[in-house]
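upload-v7.cif (mmCIF, C-alpha atoms and all ligand atoms)
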data_protein
#
loop_
_atom_site.group_PDB
_atom_site.id
_atom_site.type_symbol
_atom_site.label_atom_id
_atom_site.label_comp_id
_atom_site.auth_asym_id
_atom_site.auth_seq_id
_atom_site.Cartn_x
_atom_site.Cartn_y
_atom_site.Cartn_z
ATOM 1 C CA MET P 1 -95.034 163.178 95.155
ATOM 2 C CA ASP P 2 -93.632 164.923 98.193
ATOM 3 C CA CYS P 3 -93.959 168.623 97.511
ATOM 4 C CA THR P 4 -91.790 169.590 100.451
ATOM 5 C CA LYS P 5 -88.748 168.230 98.658
ATOM 6 C CA SER P 6 -87.266 169.536 95.447
ATOM 7 C CA TYR P 7 -87.733 167.594 92.212
ATOM 8 C CA LYS P 8 -84.031 166.809 92.102
ATOM 9 C CA SER P 9 -83.886 165.122 95.483
ATOM 10 C CA GLN P 10 -86.654 162.786 94.352
ATOM 11 C CA CYS P 11 -85.160 161.601 91.091
ATOM 12 C CA ASP P 12 -82.745 158.725 90.843
ATOM 13 C CA ALA P 13 -79.252 159.902 91.750
ATOM 14 C CA THR P 14 -77.459 157.240 89.761
ATOM 15 C CA CYS P 15 -75.776 157.340 86.357
ATOM 16 C CA LEU P 16 -78.174 155.918 83.749
ATOM 17 C CA HIS P 17 -75.233 154.390 81.911
ATOM 18 C CA CYS P 18 -73.154 152.691 84.623
ATOM 19 C CA GLY P 19 -75.263 153.063 87.774
ATOM 20 C CA ALA P 20 -72.672 155.078 89.695
ATOM 21 C CA THR P 21 -74.018 157.203 92.517
ATOM 22 C CA LEU P 22 -74.300 160.881 91.610
ATOM 23 C CA GLU P 23 -74.214 163.944 93.798
ATOM 24 C CA GLN P 24 -77.179 166.073 92.809
ATOM 25 C CA LYS P 25 -76.574 169.791 93.051
ATOM 26 C CA GLN P 26 -79.604 171.543 94.464
ATOM 27 C CA GLY P 27 -80.762 174.767 92.899
ATOM 28 C CA ALA P 28 -81.093 175.951 89.339
ATOM 29 C CA GLY P 29 -80.263 173.790 86.378
ATOM 30 C CA ARG P 30 -81.158 170.316 85.237
ATOM 31 C CA ALA P 31 -80.839 167.224 87.385
ATOM 32 C CA LYS P 32 -77.682 165.247 86.787
ATOM 33 C CA ARG P 33 -78.289 161.903 85.115
ATOM 34 C CA PHE P 34 -74.781 160.728 84.207
ATOM 35 C CA CYS P 35 -71.487 160.582 86.119
ATOM 36 C CA THR P 36 -69.566 161.893 83.104
ATOM 37 C CA PRO P 37 -70.547 163.693 79.877
ATOM 38 C CA TRP P 38 -69.230 160.773 77.834
ATOM 39 C CA HIS P 39 -71.439 158.367 79.731
ATOM 40 C CA GLY P 40 -74.373 160.558 78.740
ATOM 41 C CA ARG P 41 -73.208 160.428 75.143
ATOM 42 C CA ALA P 42 -72.781 156.640 75.228
ATOM 43 C CA TRP P 43 -76.230 156.186 76.757
ATOM 44 C CA ARG P 44 -77.897 158.440 74.178
ATOM 45 C CA GLN P 45 -76.065 156.606 71.392
ATOM 46 C CA ARG P 46 -77.395 153.286 72.698
ATOM 47 C CA ALA P 47 -80.900 154.709 73.139
ATOM 48 C CA ARG P 48 -80.843 155.967 69.558
ATOM 49 C CA ALA P 49 -79.748 152.523 68.370
ATOM 50 C CA LEU P 50 -82.811 151.148 70.133
ATOM 51 C CA GLY P 51 -84.992 153.621 68.243
ATOM 52 C CA LEU P 52 -85.638 156.099 71.060
ATOM 53 C CA ASP P 53 -85.804 159.789 70.300
ATOM 54 C CA VAL P 54 -83.290 161.279 72.742
HETATM 55 ZN ZN ZN T 1 -71.579 156.554 84.419
#

What's the structure tokens form of this structure?
Ligand SMILES: [Zn+2]
Amino acid sequence: MDCTKSYKSQCDATCLHCGATLEQKQGAGRAKRFCTPWHGRAWRQRARALGLDV
């Protein structure tokens, strides 16, 4: 891991649901993982259907 870069710049900047490129905002807060809130909801719904605890 490159400690000179922030955690956010090192994580995948693509939507987990559709693969769209995301613009990560640097600074406080969680890293963005979905292009839209409803994509996050759809992904979690699918993950739950697969038996994941998300
Ligand atoms: Zn998406």

Here is a test: counting all atoms listed in the file, which residue of P:Cys35, P:Val54, P:Ala13, P:Ala28 is nearest to ligand ZN 1 (chain T)?
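The closest residue to ligand ZN 1 (chain T) is P:Cys35.
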
Kindly give the distance, in Å, that separates atom CA of Arg30 of chain P and atom CA of His17 of chain P, rounded to a single decimal.
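These atoms are spaced 17.3 Å apart.
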
Within 7 Å of Gln24 of chain P, counting only C-alpha atoms, which residues qualify if same-chain residues fewer than 2 places away don't, as a ChimeraX atom specification?
/P:8,13,22,26,31-32

Within 12 Å of ligand ZN 1 (chain T) (all atoms listed in the file), residues as a short mmCIF file (atom, residue, chain, number, x, y, z; two decimals) with C-alpha atoms, keeping the file's coordinate frame:
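Now in pocket-v4.cif:
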data_model
loop_
_atom_site.label_atom_id
_atom_site.label_comp_id
_atom_site.auth_asym_id
_atom_site.auth_seq_id
_atom_site.Cartn_x
_atom_site.Cartn_y
_atom_site.Cartn_z
CA ALA P 13 -79.25 159.90 91.75
CA THR P 14 -77.46 157.24 89.76
CA CYS P 15 -75.78 157.34 86.36
CA LEU P 16 -78.17 155.92 83.75
CA HIS P 17 -75.23 154.39 81.91
CA CYS P 18 -73.15 152.69 84.62
CA GLY P 19 -75.26 153.06 87.77
CA ALA P 20 -72.67 155.08 89.70
CA THR P 21 -74.02 157.20 92.52
CA LEU P 22 -74.30 160.88 91.61
CA LYS P 32 -77.68 165.25 86.79
CA ARG P 33 -78.29 161.90 85.12
CA PHE P 34 -74.78 160.73 84.21
CA CYS P 35 -71.49 160.58 86.12
CA THR P 36 -69.57 161.89 83.10
CA PRO P 37 -70.55 163.69 79.88
CA TRP P 38 -69.23 160.77 77.83
CA HIS P 39 -71.44 158.37 79.73
CA GLY P 40 -74.37 160.56 78.74
CA ARG P 41 -73.21 160.43 75.14
CA ALA P 42 -72.78 156.64 75.23
CA TRP P 43 -76.23 156.19 76.76
#

Which centre and edge lengths in Å to one decimal define the box along x, y and z that fits every listed atom of segment 12-16 of chain P plus 3 Å per side, as AutoDock Vina command-line options?
--center_x -79.3 --center_y 157.9 --center_z 87.7 --size_x 13.0 --size_y 10.0 --size_z 14.0

Got a minute to add N, CA and C atoms to segment 18-52 of chain P and dump it as a PDB file, in the coordinates of the input?
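part_23.pdb, freshly written:
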ATOM      1  N   CYS P  18     -73.923 153.670  83.865  1.00  0.00           N
ATOM      2  CA  CYS P  18     -73.154 152.691  84.623  1.00  0.00           C
ATOM      3  C   CYS P  18     -73.703 152.467  86.030  1.00  0.00           C
ATOM      4  N   GLY P  19     -74.658 153.285  86.463  1.00  0.00           N
ATOM      5  CA  GLY P  19     -75.263 153.063  87.774  1.00  0.00           C
ATOM      6  C   GLY P  19     -74.487 153.666  88.931  1.00  0.00           C
ATOM      7  N   ALA P  20     -73.451 154.452  88.630  1.00  0.00           N
ATOM      8  CA  ALA P  20     -72.672 155.078  89.695  1.00  0.00           C
ATOM      9  C   ALA P  20     -73.516 156.117  90.427  1.00  0.00           C
ATOM     10  N   THR P  21     -73.282 156.235  91.716  1.00  0.00           N
ATOM     11  CA  THR P  21     -74.018 157.203  92.517  1.00  0.00           C
ATOM     12  C   THR P  21     -73.597 158.619  92.145  1.00  0.00           C
ATOM     13  N   LEU P  22     -74.584 159.496  91.987  1.00  0.00           N
ATOM     14  CA  LEU P  22     -74.300 160.881  91.610  1.00  0.00           C
ATOM     15  C   LEU P  22     -74.630 161.811  92.760  1.00  0.00           C
ATOM     16  N   GLU P  23     -73.880 162.903  92.844  1.00  0.00           N
ATOM     17  CA  GLU P  23     -74.214 163.944  93.798  1.00  0.00           C
ATOM     18  C   GLU P  23     -75.040 164.991  93.082  1.00  0.00           C
ATOM     19  N   GLN P  24     -76.322 165.080  93.446  1.00  0.00           N
ATOM     20  CA  GLN P  24     -77.179 166.073  92.809  1.00  0.00           C
ATOM     21  C   GLN P  24     -76.911 167.436  93.431  1.00  0.00           C
ATOM     22  N   LYS P  25     -76.722 168.429  92.559  1.00  0.00           N
ATOM     23  CA  LYS P  25     -76.574 169.791  93.051  1.00  0.00           C
ATOM     24  C   LYS P  25     -77.960 170.406  93.140  1.00  0.00           C
ATOM     25  N   GLN P  26     -78.307 170.902  94.302  1.00  0.00           N
ATOM     26  CA  GLN P  26     -79.604 171.543  94.464  1.00  0.00           C
ATOM     27  C   GLN P  26     -79.553 172.938  93.860  1.00  0.00           C
ATOM     28  N   GLY P  27     -80.712 173.426  93.460  1.00  0.00           N
ATOM     29  CA  GLY P  27     -80.762 174.767  92.899  1.00  0.00           C
ATOM     30  C   GLY P  27     -81.100 174.743  91.425  1.00  0.00           C
ATOM     31  N   ALA P  28     -80.729 175.812  90.739  1.00  0.00           N
ATOM     32  CA  ALA P  28     -81.093 175.951  89.339  1.00  0.00           C
ATOM     33  C   ALA P  28     -80.356 174.949  88.469  1.00  0.00           C
ATOM     34  N   GLY P  29     -80.904 174.704  87.310  1.00  0.00           N
ATOM     35  CA  GLY P  29     -80.263 173.790  86.378  1.00  0.00           C
ATOM     36  C   GLY P  29     -80.947 172.442  86.353  1.00  0.00           C
ATOM     37  N   ARG P  30     -80.540 171.624  85.398  1.00  0.00           N
ATOM     38  CA  ARG P  30     -81.158 170.316  85.237  1.00  0.00           C
ATOM     39  C   ARG P  30     -80.550 169.309  86.201  1.00  0.00           C
ATOM     40  N   ALA P  31     -81.346 168.288  86.526  1.00  0.00           N
ATOM     41  CA  ALA P  31     -80.839 167.224  87.385  1.00  0.00           C
ATOM     42  C   ALA P  31     -79.778 166.433  86.632  1.00  0.00           C
ATOM     43  N   LYS P  32     -78.756 166.040  87.372  1.00  0.00           N
ATOM     44  CA  LYS P  32     -77.682 165.247  86.787  1.00  0.00           C
ATOM     45  C   LYS P  32     -78.160 163.823  86.544  1.00  0.00           C
ATOM     46  N   ARG P  33     -77.844 163.264  85.395  1.00  0.00           N
ATOM     47  CA  ARG P  33     -78.289 161.903  85.115  1.00  0.00           C
ATOM     48  C   ARG P  33     -77.120 160.975  84.786  1.00  0.00           C
ATOM     49  N   PHE P  34     -75.948 161.530  84.565  1.00  0.00           N
ATOM     50  CA  PHE P  34     -74.781 160.728  84.207  1.00  0.00           C
ATOM     51  C   PHE P  34     -73.572 161.180  85.011  1.00  0.00           C
ATOM     52  N   CYS P  35     -72.659 160.228  85.313  1.00  0.00           N
ATOM     53  CA  CYS P  35     -71.487 160.582  86.119  1.00  0.00           C
ATOM     54  C   CYS P  35     -70.497 161.385  85.290  1.00  0.00           C
ATOM     55  N   THR P  36     -70.470 161.158  83.982  1.00  0.00           N
ATOM     56  CA  THR P  36     -69.566 161.893  83.104  1.00  0.00           C
ATOM     57  C   THR P  36     -70.307 162.244  81.818  1.00  0.00           C
ATOM     58  N   PRO P  37     -69.884 163.330  81.142  1.00  0.00           N
ATOM     59  CA  PRO P  37     -70.547 163.693  79.877  1.00  0.00           C
ATOM     60  C   PRO P  37     -70.467 162.576  78.849  1.00  0.00           C
ATOM     61  N   TRP P  38     -69.354 161.827  78.841  1.00  0.00           N
ATOM     62  CA  TRP P  38     -69.230 160.773  77.834  1.00  0.00           C
ATOM     63  C   TRP P  38     -70.121 159.575  78.164  1.00  0.00           C
ATOM     64  N   HIS P  39     -70.464 159.401  79.416  1.00  0.00           N
ATOM     65  CA  HIS P  39     -71.439 158.367  79.731  1.00  0.00           C
ATOM     66  C   HIS P  39     -72.809 158.774  79.219  1.00  0.00           C
ATOM     67  N   GLY P  40     -73.124 160.055  79.289  1.00  0.00           N
ATOM     68  CA  GLY P  40     -74.373 160.558  78.740  1.00  0.00           C
ATOM     69  C   GLY P  40     -74.427 160.349  77.242  1.00  0.00           C
ATOM     70  N   ARG P  41     -73.277 160.587  76.591  1.00  0.00           N
ATOM     71  CA  ARG P  41     -73.208 160.428  75.143  1.00  0.00           C
ATOM     72  C   ARG P  41     -73.376 158.947  74.764  1.00  0.00           C
ATOM     73  N   ALA P  42     -72.698 158.081  75.504  1.00  0.00           N
ATOM     74  CA  ALA P  42     -72.781 156.640  75.228  1.00  0.00           C
ATOM     75  C   ALA P  42     -74.204 156.137  75.425  1.00  0.00           C
ATOM     76  N   TRP P  43     -74.866 156.627  76.469  1.00  0.00           N
ATOM     77  CA  TRP P  43     -76.230 156.186  76.757  1.00  0.00           C
ATOM     78  C   TRP P  43     -77.189 156.643  75.661  1.00  0.00           C
ATOM     79  N   ARG P  44     -77.026 157.918  75.232  1.00  0.00           N
ATOM     80  CA  ARG P  44     -77.897 158.440  74.178  1.00  0.00           C
ATOM     81  C   ARG P  44     -77.667 157.691  72.867  1.00  0.00           C
ATOM     82  N   GLN P  45     -76.401 157.356  72.601  1.00  0.00           N
ATOM     83  CA  GLN P  45     -76.065 156.606  71.392  1.00  0.00           C
ATOM     84  C   GLN P  45     -76.786 155.249  71.401  1.00  0.00           C
ATOM     85  N   ARG P  46     -76.740 154.587  72.557  1.00  0.00           N
ATOM     86  CA  ARG P  46     -77.395 153.286  72.698  1.00  0.00           C
ATOM     87  C   ARG P  46     -78.912 153.433  72.582  1.00  0.00           C
ATOM     88  N   ALA P  47     -79.462 154.493  73.193  1.00  0.00           N
ATOM     89  CA  ALA P  47     -80.900 154.709  73.139  1.00  0.00           C
ATOM     90  C   ALA P  47     -81.341 154.957  71.707  1.00  0.00           C
ATOM     91  N   ARG P  48     -80.512 155.699  70.959  1.00  0.00           N
ATOM     92  CA  ARG P  48     -80.843 155.967  69.558  1.00  0.00           C
ATOM     93  C   ARG P  48     -80.806 154.677  68.748  1.00  0.00           C
ATOM     94  N   ALA P  49     -79.853 153.808  69.050  1.00  0.00           N
ATOM     95  CA  ALA P  49     -79.748 152.523  68.370  1.00  0.00           C
ATOM     96  C   ALA P  49     -80.988 151.684  68.633  1.00  0.00           C
ATOM     97  N   LEU P  50     -81.600 151.885  69.793  1.00  0.00           N
ATOM     98  CA  LEU P  50     -82.811 151.148  70.133  1.00  0.00           C
ATOM     99  C   LEU P  50     -84.060 151.822  69.578  1.00  0.00           C
ATOM    100  N   GLY P  51     -83.876 152.951  68.893  1.00  0.00           N
ATOM    101  CA  GLY P  51     -84.992 153.621  68.243  1.00  0.00           C
ATOM    102  C   GLY P  51     -85.666 154.663  69.090  1.00  0.00           C
ATOM    103  N   LEU P  52     -85.045 155.061  70.216  1.00  0.00           N
ATOM    104  CA  LEU P  52     -85.638 156.099  71.060  1.00  0.00           C
ATOM    105  C   LEU P  52     -85.230 157.471  70.531  1.00  0.00           C
TER     106      LEU P  52
END
